[in-house]
Amino acid sequence: MHSSNLLKKLHITRLSNHNTETNKPEPGTMDYYQQPQPTVHEQPVQQQAPTQQQQQQQAAIQNNLTSEAIQRSLLPQRSTVSRGKYSLTDFHIMRTLGTGSFGRVHLVRSVHNGRYYAIKVLKKQQVVKMKQVEHTNDERRMLKLVEHPFLIRMWGTFQDSKNLFMVMDYIEGGELFSLLRKSQRFPNPVAKFYAAEVTLALEYLHSHDIIYRDLKPENILLDRNGHIKITDFGFAKEVSTVTWTLCGTPDYIAPEVITTKPYNKSVDWWSLGVLIFEMLAGYTPFYDSTPMKTYEKILSGKIHYPSFFSPDVIDLLENLITADLTRRLGNLINGPADIRNHRWFSEVVWEKLLAKDIETPYEPPITAGVGDSSLFDHYPEDQLDYGSVGEDVYAHYFLEF
Ligand SMILES: Nc1ncnc2c1ncn2[C@@H]1O[C@H](COP(=O)(O)OP(=O)(O)OP(=O)(O)O)[C@@H](O)[C@H]1O
Ligand SMILES: [Mg+2]
């Protein structure tokens, strides 16, 4: 019932965005797409190419304008102090929304205010066994620091003798992953919308020297209006220069991460390229049957672009999914402004997008009202050991929780 609703809704979305490879705005997307400026993006660049100096000037102006707007959303205080200490008795634990390597995420309801939240539960033993203590402490710290319209908000954490708990806002619209699989692939404007919101979120993180390192459709949730919320800061890390750890998800990992070279924030821009490719094609560019084969493909650097990809998006992707760090957009002198100013994004009004002052391409059918979880897949429920007291041999690893 619910998935057929979703499909129906999606069908409408896809129909209304049908035949959009020309980048022409459809009636429903006018808020999001500015009227095309003929001299800038309707003509091939070769014919009207501005001088390099003009380009640089324009980029500097654009850069400043948008950076200001982005700065306004920056978190003023970078404190890791808890906003309030919770405990298990504050919540009714409900169904599982997602599972991962160290635990699961539950829908929960506050016994105090009746509101719904999501709680990520990590098993201390698993975290320690898989040598993820530092990543888990980083996840908590990063989540406490960030505040941005397209990033998940965490309210607090607590622990028992066996588990760690992170209380977050519950995002009802499900994973971008589910939407993408159900629709197979997104029309150009839909992919562009999600990519643009992701770009702003990554730019914000990078401006705080945070690398995200796990961009993929499973970690991008849709709120009830259809805006994105990036969740899962399991690999997020504060890094002002370079780092070495091999982590991420095979299809999305940059070549310099695989070869364990020192790498920087620009691994996230590589992943953004892979995400855009996957949204438009319906599959990832280096997909193969095993991670090893995928890594080989990533290192070979060969990408086949489907014939329906527009020249603009191919140009963008060639400059994101490139091993050459002196060419990768986001890693150059203008930073992320080079991505925002790329032709493929030319209709995006970034300030409006940041203010959510736009119409989203798809509104999740949240038919059962608040607390509806029909857009999430079902997982076998576990025997819960939450609230365990008793000896805690791992206590010293997780003092901040
Ligand atoms: N705040 C939230 N609201 C709704 N659903 C969520 C929320 N956070 C996570 N989920 C769901 O739970 C799934 C798993 O969460 P998350 O990605 O944080 O954990 P994980 O993938 O297990 O983490 P890790 O990669 O560290 O193992 C998500 O893909 C999403 O479906
Ligand atoms: Mg995840």
# chains A, B, ... in the order shown; residues from 1 in each chain; ligands from 1
call {"tool": "residues_near_ligand", "arguments": {"ligand": "ligand 1", "cutoff": "9 Å", "atoms": "only C-alpha atoms and all ligand atoms", "output": "count of residues only"}}
result
55
call {"tool": "residues_around", "arguments": {"residues": "Ser110 (chain A)", "least_positions_apart": "2", "cutoff": "7 Å", "atoms": "only C-alpha atoms", "output": "ChimeraX atom specification"}}
result
/A:90-92,108,112-116
call {"tool": "closest_residue", "arguments": {"among": "A:Tyr212, A:Phe186, A:Trp244, A:Phe158", "to": "ligand 2", "atoms": "only C-alpha atoms and all ligand atoms"}}
result
A:Tyr212
call {"tool": "closest_residue", "arguments": {"among": "A:His342, A:Lys261, A:Lys144, A:Arg213", "to": "ligand 2", "atoms": "only C-alpha atoms and all ligand atoms"}}
result
A:Arg213
call {"tool": "closest_residue", "arguments": {"among": "A:Leu329, A:Ile314, A:Leu399, A:Val267", "to": "Arg140 (chain A)", "atoms": "only C-alpha atoms"}}
result
A:Leu399
call {"tool": "closest_atom_pairs", "arguments": {"of": "region 119-206 of chain A", "to": "region 273-295 of chain A", "cutoff": "9 Å", "atoms": "only C-alpha atoms", "output": "Markdown table"}}
result
| residue | atom | partner | partner_atom | distance |
| --- | --- | --- | --- | --- |
| A:Leu180 | CA | A:Met279 | CA | 6.8 |
| A:Arg181 | CA | A:Gly282 | CA | 7.4 |
| A:Ser183 | CA | A:Gly282 | CA | 8.5 |
| A:Gln184 | CA | A:Gly282 | CA | 5.3 |
| A:Arg185 | CA | A:Gly282 | CA | 4.5 |
| A:Phe186 | CA | A:Leu280 | CA | 5.3 |
| A:Pro187 | CA | A:Leu280 | CA | 6.6 |
| A:Asn188 | CA | A:Leu280 | CA | 6.6 |
| A:Val190 | CA | A:Met279 | CA | 8.7 |
| A:Ala191 | CA | A:Met279 | CA | 5.7 |
| A:Lys192 | CA | A:Ile276 | CA | 7.7 |
| A:Tyr194 | CA | A:Ile276 | CA | 8.7 |
| A:Ala195 | CA | A:Ile276 | CA | 6.4 |
call {"tool": "select_by_dssp", "arguments": {"residues": "region 73-214 of chain A", "states": "alpha helix (DSSP H)", "output": "ChimeraX atom specification"}}
result
/A:124-129,133-145,176-183,188-207
call {"tool": "write_last_selection", "arguments": {"atoms": "N, CA and C atoms", "output": "CSV table (one decimal), in the first residue's frame"}}
result
chain,number,residue,atom,x,y,z
A,124,LYS,N,29.0,-1.6,22.2
A,124,LYS,CA,30.4,-1.2,22.6
A,124,LYS,C,31.3,-2.3,22.2
A,125,GLN,N,30.9,-3.6,22.4
A,125,GLN,CA,31.8,-4.7,22.1
A,125,GLN,C,32.2,-4.7,20.6
A,126,GLN,N,31.2,-4.5,19.8
A,126,GLN,CA,31.4,-4.5,18.3
A,126,GLN,C,32.3,-3.4,17.9
A,127,VAL,N,32.1,-2.2,18.5
A,127,VAL,CA,32.8,-1.0,18.2
A,127,VAL,C,34.3,-1.2,18.5
A,128,VAL,N,34.5,-1.8,19.7
A,128,VAL,CA,35.9,-2.1,20.1
A,128,VAL,C,36.6,-3.1,19.2
A,129,LYS,N,35.8,-4.2,19.0
A,129,LYS,CA,36.3,-5.3,18.2
A,129,LYS,C,36.7,-4.9,16.8
A,133,VAL,N,36.7,2.7,17.9
A,133,VAL,CA,36.5,3.5,19.1
A,133,VAL,C,36.6,5.0,18.7
A,134,GLU,N,37.7,5.3,18.1
A,134,GLU,CA,38.0,6.7,17.7
A,134,GLU,C,36.9,7.2,16.8
A,135,HIS,N,36.6,6.4,15.8
A,135,HIS,CA,35.5,6.9,14.8
A,135,HIS,C,34.2,7.2,15.5
A,136,THR,N,33.9,6.3,16.5
A,136,THR,CA,32.6,6.5,17.2
A,136,THR,C,32.6,7.7,18.1
A,137,ASN,N,33.8,8.0,18.8
A,137,ASN,CA,33.9,9.2,19.5
A,137,ASN,C,33.9,10.4,18.6
A,138,ASP,N,34.5,10.3,17.5
A,138,ASP,CA,34.5,11.4,16.5
A,138,ASP,C,33.0,11.6,16.0
A,139,GLU,N,32.3,10.5,15.7
A,139,GLU,CA,30.9,10.7,15.2
A,139,GLU,C,30.1,11.5,16.2
A,140,ARG,N,30.2,11.2,17.5
A,140,ARG,CA,29.5,11.9,18.5
A,140,ARG,C,29.9,13.4,18.5
A,141,ARG,N,31.2,13.6,18.5
A,141,ARG,CA,31.7,15.0,18.6
A,141,ARG,C,31.3,15.8,17.4
A,142,MET,N,31.5,15.2,16.2
A,142,MET,CA,31.1,16.0,15.0
A,142,MET,C,29.6,16.3,14.9
A,143,LEU,N,28.8,15.3,15.3
A,143,LEU,CA,27.4,15.6,15.3
A,143,LEU,C,27.0,16.7,16.3
A,144,LYS,N,27.7,16.8,17.4
A,144,LYS,CA,27.4,17.8,18.4
A,144,LYS,C,27.8,19.2,17.8
A,145,LEU,N,28.8,19.2,17.0
A,145,LEU,CA,29.3,20.5,16.5
A,145,LEU,C,28.4,21.1,15.4
A,176,LEU,N,17.2,8.4,0.5
A,176,LEU,CA,17.3,8.7,-0.9
A,176,LEU,C,17.5,7.4,-1.7
A,177,PHE,N,18.2,6.5,-1.1
A,177,PHE,CA,18.5,5.2,-1.7
A,177,PHE,C,17.2,4.5,-2.1
A,178,SER,N,16.2,4.5,-1.2
A,178,SER,CA,15.0,3.8,-1.5
A,178,SER,C,14.3,4.4,-2.7
A,179,LEU,N,14.3,5.8,-2.6
A,179,LEU,CA,13.6,6.5,-3.7
A,179,LEU,C,14.3,6.3,-5.0
A,180,LEU,N,15.6,6.3,-5.0
A,180,LEU,CA,16.3,6.1,-6.3
A,180,LEU,C,16.1,4.7,-6.8
A,181,ARG,N,16.1,3.7,-6.0
A,181,ARG,CA,15.9,2.3,-6.5
A,181,ARG,C,14.5,2.1,-7.0
A,182,LYS,N,13.6,2.8,-6.4
A,182,LYS,CA,12.2,2.6,-6.8
A,182,LYS,C,12.0,3.4,-8.2
A,183,SER,N,12.7,4.4,-8.3
A,183,SER,CA,12.5,5.2,-9.6
A,183,SER,C,13.5,4.8,-10.6
A,188,ASN,N,17.2,14.7,-14.8
A,188,ASN,CA,18.3,15.7,-14.6
A,188,ASN,C,18.0,16.7,-13.5
A,189,PRO,N,16.8,17.4,-13.5
A,189,PRO,CA,16.6,18.4,-12.5
A,189,PRO,C,16.4,17.9,-11.1
A,190,VAL,N,15.9,16.6,-11.0
A,190,VAL,CA,15.8,16.0,-9.7
A,190,VAL,C,17.2,15.7,-9.1
A,191,ALA,N,18.0,15.1,-9.9
A,191,ALA,CA,19.4,14.8,-9.5
A,191,ALA,C,20.1,16.1,-9.1
A,192,LYS,N,19.9,17.1,-9.9
A,192,LYS,CA,20.5,18.4,-9.7
A,192,LYS,C,20.1,19.0,-8.3
A,193,PHE,N,18.8,18.9,-8.0
A,193,PHE,CA,18.3,19.4,-6.8
A,193,PHE,C,19.0,18.7,-5.6
A,194,TYR,N,19.0,17.4,-5.6
A,194,TYR,CA,19.6,16.7,-4.4
A,194,TYR,C,21.1,17.0,-4.4
A,195,ALA,N,21.8,17.0,-5.6
A,195,ALA,CA,23.2,17.2,-5.6
A,195,ALA,C,23.5,18.6,-5.1
A,196,ALA,N,22.7,19.6,-5.4
A,196,ALA,CA,22.9,20.9,-4.9
A,196,ALA,C,22.8,21.0,-3.4
A,197,GLU,N,21.8,20.4,-2.8
A,197,GLU,CA,21.7,20.4,-1.4
A,197,GLU,C,22.9,19.7,-0.7
A,198,VAL,N,23.3,18.6,-1.3
A,198,VAL,CA,24.5,17.9,-0.8
A,198,VAL,C,25.7,18.8,-0.9
A,199,THR,N,25.8,19.5,-2.0
A,199,THR,CA,27.0,20.4,-2.1
A,199,THR,C,27.1,21.4,-1.0
A,200,LEU,N,25.9,22.0,-0.7
A,200,LEU,CA,25.9,23.0,0.4
A,200,LEU,C,26.3,22.4,1.8
A,201,ALA,N,25.8,21.2,2.0
A,201,ALA,CA,26.1,20.5,3.3
A,201,ALA,C,27.6,20.2,3.3
A,202,LEU,N,28.2,19.7,2.3
A,202,LEU,CA,29.6,19.3,2.3
A,202,LEU,C,30.4,20.6,2.4
A,203,GLU,N,30.0,21.7,1.7
A,203,GLU,CA,30.8,22.9,1.8
A,203,GLU,C,30.8,23.4,3.3
A,204,TYR,N,29.7,23.3,3.9
A,204,TYR,CA,29.6,23.7,5.4
A,204,TYR,C,30.5,22.8,6.2
A,205,LEU,N,30.5,21.5,6.0
A,205,LEU,CA,31.4,20.6,6.8
A,205,LEU,C,32.8,21.0,6.6
A,206,HIS,N,33.2,21.2,5.3
A,206,HIS,CA,34.6,21.4,4.9
A,206,HIS,C,35.0,22.8,5.5
A,207,SER,N,34.1,23.7,5.6
A,207,SER,CA,34.4,25.0,6.2
A,207,SER,C,34.8,24.9,7.6
call {"tool": "closest_residue", "arguments": {"among": "A:Pro364, A:Glu296, A:Asp324, A:Gln159", "to": "Ser87 (chain A)", "atoms": "only C-alpha atoms"}}
result
A:Gln159
call {"tool": "select_by_dssp", "arguments": {"residues": "region 125-233 of chain A", "states": "strand (DSSP E)", "output": "PyMOL selection string"}}
result
chain A and resi 154-159+163-169+210-211+220-222+228-230
call {"tool": "residues_around", "arguments": {"residues": "Asn331 (chain A)", "least_positions_apart": "6", "cutoff": "9 Å", "atoms": "only C-alpha atoms", "output": "list in words"}}
result
Asn264, Lys265, Ser266, Trp269, Leu325 and Asp338 of chain A
call {"tool": "write_last_selection", "arguments": {"atoms": "C-alpha atoms", "output": "mmCIF file, in the first residue's frame"}}
result
data_model
loop_
_atom_site.group_PDB
_atom_site.id
_atom_site.type_symbol
_atom_site.label_atom_id
_atom_site.label_comp_id
_atom_site.auth_asym_id
_atom_site.auth_seq_id
_atom_site.Cartn_x
_atom_site.Cartn_y
_atom_site.Cartn_z
ATOM 1 C CA ASN A 264 42.144 15.621 2.147
ATOM 2 C CA LYS A 265 38.562 16.934 2.013
ATOM 3 C CA SER A 266 38.410 16.541 -1.730
ATOM 4 C CA TRP A 269 33.913 15.883 -3.906
ATOM 5 C CA LEU A 325 43.925 16.403 -7.574
ATOM 6 C CA ASP A 338 33.984 26.066 -8.595
#
call {"tool": "closest_residue", "arguments": {"among": "A:Lys352, A:Lys123, A:His304, A:Arg328", "to": "Ser388 (chain A)", "atoms": "only C-alpha atoms"}}
result
A:Lys123
call {"tool": "closest_residue", "arguments": {"among": "A:Val242, A:Leu151, A:Ile321, A:Leu164", "to": "Tyr394 (chain A)", "atoms": "only C-alpha atoms"}}
result
A:Leu164
call {"tool": "residues_around", "arguments": {"residues": "Lys356 (chain A)", "least_positions_apart": "2", "cutoff": "12 Å", "atoms": "only C-alpha atoms", "output": "PDB file with N, CA and C atoms, in the first residue's frame"}}
result
ATOM      1  N   ASP A  31      10.631  27.709  -8.953  1.00  0.00           N
ATOM      2  CA  ASP A  31      11.199  28.346  -7.777  1.00  0.00           C
ATOM      3  C   ASP A  31      12.657  27.974  -7.605  1.00  0.00           C
ATOM      4  N   TYR A  32      12.948  26.796  -8.039  1.00  0.00           N
ATOM      5  CA  TYR A  32      14.283  26.275  -7.821  1.00  0.00           C
ATOM      6  C   TYR A  32      15.213  26.705  -8.944  1.00  0.00           C
ATOM      7  N   HIS A 148      23.163  22.691  10.523  1.00  0.00           N
ATOM      8  CA  HIS A 148      22.959  23.097   9.136  1.00  0.00           C
ATOM      9  C   HIS A 148      21.639  22.508   8.648  1.00  0.00           C
ATOM     10  N   PRO A 149      20.914  23.248   7.786  1.00  0.00           N
ATOM     11  CA  PRO A 149      19.604  22.742   7.349  1.00  0.00           C
ATOM     12  C   PRO A 149      19.643  21.367   6.684  1.00  0.00           C
ATOM     13  N   PHE A 150      20.779  20.982   6.114  1.00  0.00           N
ATOM     14  CA  PHE A 150      20.817  19.706   5.406  1.00  0.00           C
ATOM     15  C   PHE A 150      21.627  18.636   6.137  1.00  0.00           C
ATOM     16  N   PHE A 193      18.824  18.874  -8.029  1.00  0.00           N
ATOM     17  CA  PHE A 193      18.315  19.397  -6.763  1.00  0.00           C
ATOM     18  C   PHE A 193      19.015  18.717  -5.576  1.00  0.00           C
ATOM     19  N   ALA A 196      22.687  19.576  -5.382  1.00  0.00           N
ATOM     20  CA  ALA A 196      22.944  20.946  -4.938  1.00  0.00           C
ATOM     21  C   ALA A 196      22.831  21.041  -3.416  1.00  0.00           C
ATOM     22  N   GLU A 197      21.814  20.386  -2.845  1.00  0.00           N
ATOM     23  CA  GLU A 197      21.694  20.427  -1.379  1.00  0.00           C
ATOM     24  C   GLU A 197      22.885  19.720  -0.725  1.00  0.00           C
ATOM     25  N   LEU A 200      25.949  22.013  -0.663  1.00  0.00           N
ATOM     26  CA  LEU A 200      25.948  23.005   0.423  1.00  0.00           C
ATOM     27  C   LEU A 200      26.304  22.370   1.763  1.00  0.00           C
ATOM     28  N   ASP A 223      13.418  14.745   4.345  1.00  0.00           N
ATOM     29  CA  ASP A 223      12.470  15.169   5.372  1.00  0.00           C
ATOM     30  C   ASP A 223      11.061  15.218   4.774  1.00  0.00           C
ATOM     31  N   ASN A 225       9.191  17.421   3.756  1.00  0.00           N
ATOM     32  CA  ASN A 225       8.992  18.300   2.596  1.00  0.00           C
ATOM     33  C   ASN A 225       9.824  17.896   1.382  1.00  0.00           C
ATOM     34  N   GLY A 226      10.729  16.959   1.572  1.00  0.00           N
ATOM     35  CA  GLY A 226      11.537  16.506   0.442  1.00  0.00           C
ATOM     36  C   GLY A 226      12.933  17.109   0.388  1.00  0.00           C
ATOM     37  N   HIS A 227      13.324  17.830   1.454  1.00  0.00           N
ATOM     38  CA  HIS A 227      14.708  18.308   1.528  1.00  0.00           C
ATOM     39  C   HIS A 227      15.589  17.212   2.119  1.00  0.00           C
ATOM     40  N   ILE A 228      16.864  17.285   1.819  1.00  0.00           N
ATOM     41  CA  ILE A 228      17.762  16.239   2.323  1.00  0.00           C
ATOM     42  C   ILE A 228      18.208  16.516   3.759  1.00  0.00           C
ATOM     43  N   VAL A 349      19.688  28.700  -7.672  1.00  0.00           N
ATOM     44  CA  VAL A 349      19.825  29.925  -6.880  1.00  0.00           C
ATOM     45  C   VAL A 349      20.235  29.473  -5.476  1.00  0.00           C
ATOM     46  N   TRP A 350      21.520  29.549  -5.208  1.00  0.00           N
ATOM     47  CA  TRP A 350      22.075  28.884  -4.022  1.00  0.00           C
ATOM     48  C   TRP A 350      21.525  29.453  -2.721  1.00  0.00           C
ATOM     49  N   GLU A 351      21.337  30.765  -2.670  1.00  0.00           N
ATOM     50  CA  GLU A 351      20.840  31.370  -1.428  1.00  0.00           C
ATOM     51  C   GLU A 351      19.418  30.878  -1.131  1.00  0.00           C
ATOM     52  N   LYS A 352      18.611  30.781  -2.201  1.00  0.00           N
ATOM     53  CA  LYS A 352      17.241  30.303  -2.005  1.00  0.00           C
ATOM     54  C   LYS A 352      17.240  28.835  -1.589  1.00  0.00           C
ATOM     55  N   LEU A 353      18.140  28.104  -2.186  1.00  0.00           N
ATOM     56  CA  LEU A 353      18.222  26.680  -1.866  1.00  0.00           C
ATOM     57  C   LEU A 353      18.576  26.500  -0.393  1.00  0.00           C
ATOM     58  N   LEU A 354      19.566  27.269   0.060  1.00  0.00           N
ATOM     59  CA  LEU A 354      20.004  27.177   1.457  1.00  0.00           C
ATOM     60  C   LEU A 354      18.872  27.552   2.407  1.00  0.00           C
ATOM     61  N   ILE A 358      12.331  27.047  -1.844  1.00  0.00           N
ATOM     62  CA  ILE A 358      12.181  26.460  -3.167  1.00  0.00           C
ATOM     63  C   ILE A 358      11.215  25.297  -3.074  1.00  0.00           C
ATOM     64  N   GLU A 359      10.727  24.875  -4.209  1.00  0.00           N
ATOM     65  CA  GLU A 359       9.846  23.718  -4.212  1.00  0.00           C
ATOM     66  C   GLU A 359      10.696  22.473  -4.423  1.00  0.00           C
ATOM     67  N   THR A 360      10.471  21.462  -3.611  1.00  0.00           N
ATOM     68  CA  THR A 360      11.259  20.236  -3.774  1.00  0.00           C
ATOM     69  C   THR A 360      10.665  19.388  -4.900  1.00  0.00           C
TER      70      THR A 360
END
call {"tool": "decode", "arguments": {"residues": "region 317-352 of chain A", "atoms": "N, CA and C atoms", "output": "mmCIF file, in the first residue's frame"}}
result
data_model
loop_
_atom_site.group_PDB
_atom_site.id
_atom_site.type_symbol
_atom_site.label_atom_id
_atom_site.label_comp_id
_atom_site.auth_asym_id
_atom_site.auth_seq_id
_atom_site.Cartn_x
_atom_site.Cartn_y
_atom_site.Cartn_z
ATOM 1 N N LEU A 317 31.329 15.909 -14.046
ATOM 2 C CA LEU A 317 31.767 14.633 -13.472
ATOM 3 C C LEU A 317 33.221 14.328 -13.818
ATOM 4 N N GLU A 318 33.630 14.702 -15.037
ATOM 5 C CA GLU A 318 35.041 14.483 -15.396
ATOM 6 C C GLU A 318 35.978 15.261 -14.482
ATOM 7 N N ASN A 319 35.458 16.369 -13.923
ATOM 8 C CA ASN A 319 36.290 17.183 -13.044
ATOM 9 C C ASN A 319 36.027 16.947 -11.554
ATOM 10 N N LEU A 320 35.135 16.015 -11.264
ATOM 11 C CA LEU A 320 34.961 15.578 -9.869
ATOM 12 C C LEU A 320 35.542 14.176 -9.701
ATOM 13 N N ILE A 321 35.156 13.279 -10.612
ATOM 14 C CA ILE A 321 35.631 11.896 -10.511
ATOM 15 C C ILE A 321 36.952 11.792 -11.278
ATOM 16 N N THR A 322 37.923 12.548 -10.818
ATOM 17 C CA THR A 322 39.245 12.490 -11.427
ATOM 18 C C THR A 322 40.283 12.239 -10.338
ATOM 19 N N ALA A 323 41.229 11.368 -10.665
ATOM 20 C CA ALA A 323 42.304 11.071 -9.700
ATOM 21 C C ALA A 323 43.272 12.245 -9.600
ATOM 22 N N ASP A 324 43.263 13.101 -10.624
ATOM 23 C CA ASP A 324 44.189 14.227 -10.677
ATOM 24 C C ASP A 324 43.710 15.343 -9.735
ATOM 25 N N LEU A 325 44.381 15.443 -8.593
ATOM 26 C CA LEU A 325 43.925 16.403 -7.574
ATOM 27 C C LEU A 325 44.156 17.844 -7.973
ATOM 28 N N THR A 326 44.969 18.064 -8.992
ATOM 29 C CA THR A 326 45.169 19.437 -9.452
ATOM 30 C C THR A 326 44.042 19.839 -10.405
ATOM 31 N N ARG A 327 43.168 18.882 -10.700
ATOM 32 C CA ARG A 327 42.027 19.178 -11.580
ATOM 33 C C ARG A 327 40.692 19.021 -10.860
ATOM 34 N N ARG A 328 40.688 18.296 -9.745
ATOM 35 C CA ARG A 328 39.400 17.974 -9.121
ATOM 36 C C ARG A 328 38.729 19.233 -8.567
ATOM 37 N N LEU A 329 37.518 19.480 -9.040
ATOM 38 C CA LEU A 329 36.787 20.657 -8.569
ATOM 39 C C LEU A 329 36.518 20.536 -7.071
ATOM 40 N N GLY A 330 36.575 21.650 -6.384
ATOM 41 C CA GLY A 330 36.428 21.646 -4.934
ATOM 42 C C GLY A 330 37.791 21.686 -4.264
ATOM 43 N N ASN A 331 38.800 21.234 -5.005
ATOM 44 C CA ASN A 331 40.164 21.167 -4.461
ATOM 45 C C ASN A 331 41.049 22.266 -5.054
ATOM 46 N N LEU A 332 40.449 23.144 -5.858
ATOM 47 C CA LEU A 332 41.247 24.169 -6.541
ATOM 48 C C LEU A 332 41.175 25.476 -5.759
ATOM 49 N N ILE A 333 41.784 26.505 -6.313
ATOM 50 C CA ILE A 333 41.936 27.760 -5.582
ATOM 51 C C ILE A 333 40.602 28.345 -5.088
ATOM 52 N N ASN A 334 39.533 28.213 -5.898
ATOM 53 C CA ASN A 334 38.225 28.751 -5.488
ATOM 54 C C ASN A 334 37.419 27.809 -4.603
ATOM 55 N N GLY A 335 37.970 26.651 -4.305
ATOM 56 C CA GLY A 335 37.266 25.704 -3.429
ATOM 57 C C GLY A 335 35.930 25.276 -4.004
ATOM 58 N N PRO A 336 34.934 25.069 -3.146
ATOM 59 C CA PRO A 336 33.634 24.559 -3.583
ATOM 60 C C PRO A 336 32.891 25.518 -4.517
ATOM 61 N N ALA A 337 33.304 26.796 -4.547
ATOM 62 C CA ALA A 337 32.632 27.743 -5.446
ATOM 63 C C ALA A 337 32.749 27.266 -6.895
ATOM 64 N N ASP A 338 33.842 26.580 -7.228
ATOM 65 C CA ASP A 338 33.984 26.066 -8.595
ATOM 66 C C ASP A 338 32.882 25.062 -8.932
ATOM 67 N N ILE A 339 32.437 24.336 -7.923
ATOM 68 C CA ILE A 339 31.358 23.370 -8.162
ATOM 69 C C ILE A 339 30.038 24.126 -8.301
ATOM 70 N N ARG A 340 29.777 25.026 -7.354
ATOM 71 C CA ARG A 340 28.519 25.783 -7.419
ATOM 72 C C ARG A 340 28.405 26.591 -8.706
ATOM 73 N N ASN A 341 29.548 27.074 -9.196
ATOM 74 C CA ASN A 341 29.520 27.905 -10.397
ATOM 75 C C ASN A 341 29.618 27.105 -11.691
ATOM 76 N N HIS A 342 29.631 25.795 -11.571
ATOM 77 C CA HIS A 342 29.731 24.988 -12.788
ATOM 78 C C HIS A 342 28.445 25.101 -13.623
ATOM 79 N N ARG A 343 28.606 24.995 -14.940
ATOM 80 C CA ARG A 343 27.462 25.133 -15.862
ATOM 81 C C ARG A 343 26.279 24.235 -15.505
ATOM 82 N N TRP A 344 26.567 23.002 -15.052
ATOM 83 C CA TRP A 344 25.451 22.092 -14.772
ATOM 84 C C TRP A 344 24.539 22.641 -13.681
ATOM 85 N N PHE A 345 25.123 23.439 -12.781
ATOM 86 C CA PHE A 345 24.351 24.025 -11.685
ATOM 87 C C PHE A 345 23.879 25.441 -12.001
ATOM 88 N N SER A 346 23.994 25.857 -13.285
ATOM 89 C CA SER A 346 23.830 27.290 -13.547
ATOM 90 C C SER A 346 22.459 27.845 -13.167
ATOM 91 N N GLU A 347 21.416 27.005 -13.167
ATOM 92 C CA GLU A 347 20.079 27.542 -12.822
ATOM 93 C C GLU A 347 19.827 27.569 -11.324
ATOM 94 N N VAL A 348 20.710 27.005 -10.538
ATOM 95 C CA VAL A 348 20.443 26.905 -9.095
ATOM 96 C C VAL A 348 20.667 28.246 -8.416
ATOM 97 N N VAL A 349 19.688 28.700 -7.672
ATOM 98 C CA VAL A 349 19.825 29.925 -6.880
ATOM 99 C C VAL A 349 20.235 29.473 -5.476
ATOM 100 N N TRP A 350 21.520 29.549 -5.208
ATOM 101 C CA TRP A 350 22.075 28.884 -4.022
ATOM 102 C C TRP A 350 21.525 29.453 -2.721
ATOM 103 N N GLU A 351 21.337 30.765 -2.670
ATOM 104 C CA GLU A 351 20.840 31.370 -1.428
ATOM 105 C C GLU A 351 19.418 30.878 -1.131
ATOM 106 N N LYS A 352 18.611 30.781 -2.201
ATOM 107 C CA LYS A 352 17.241 30.303 -2.005
ATOM 108 C C LYS A 352 17.240 28.835 -1.589
#
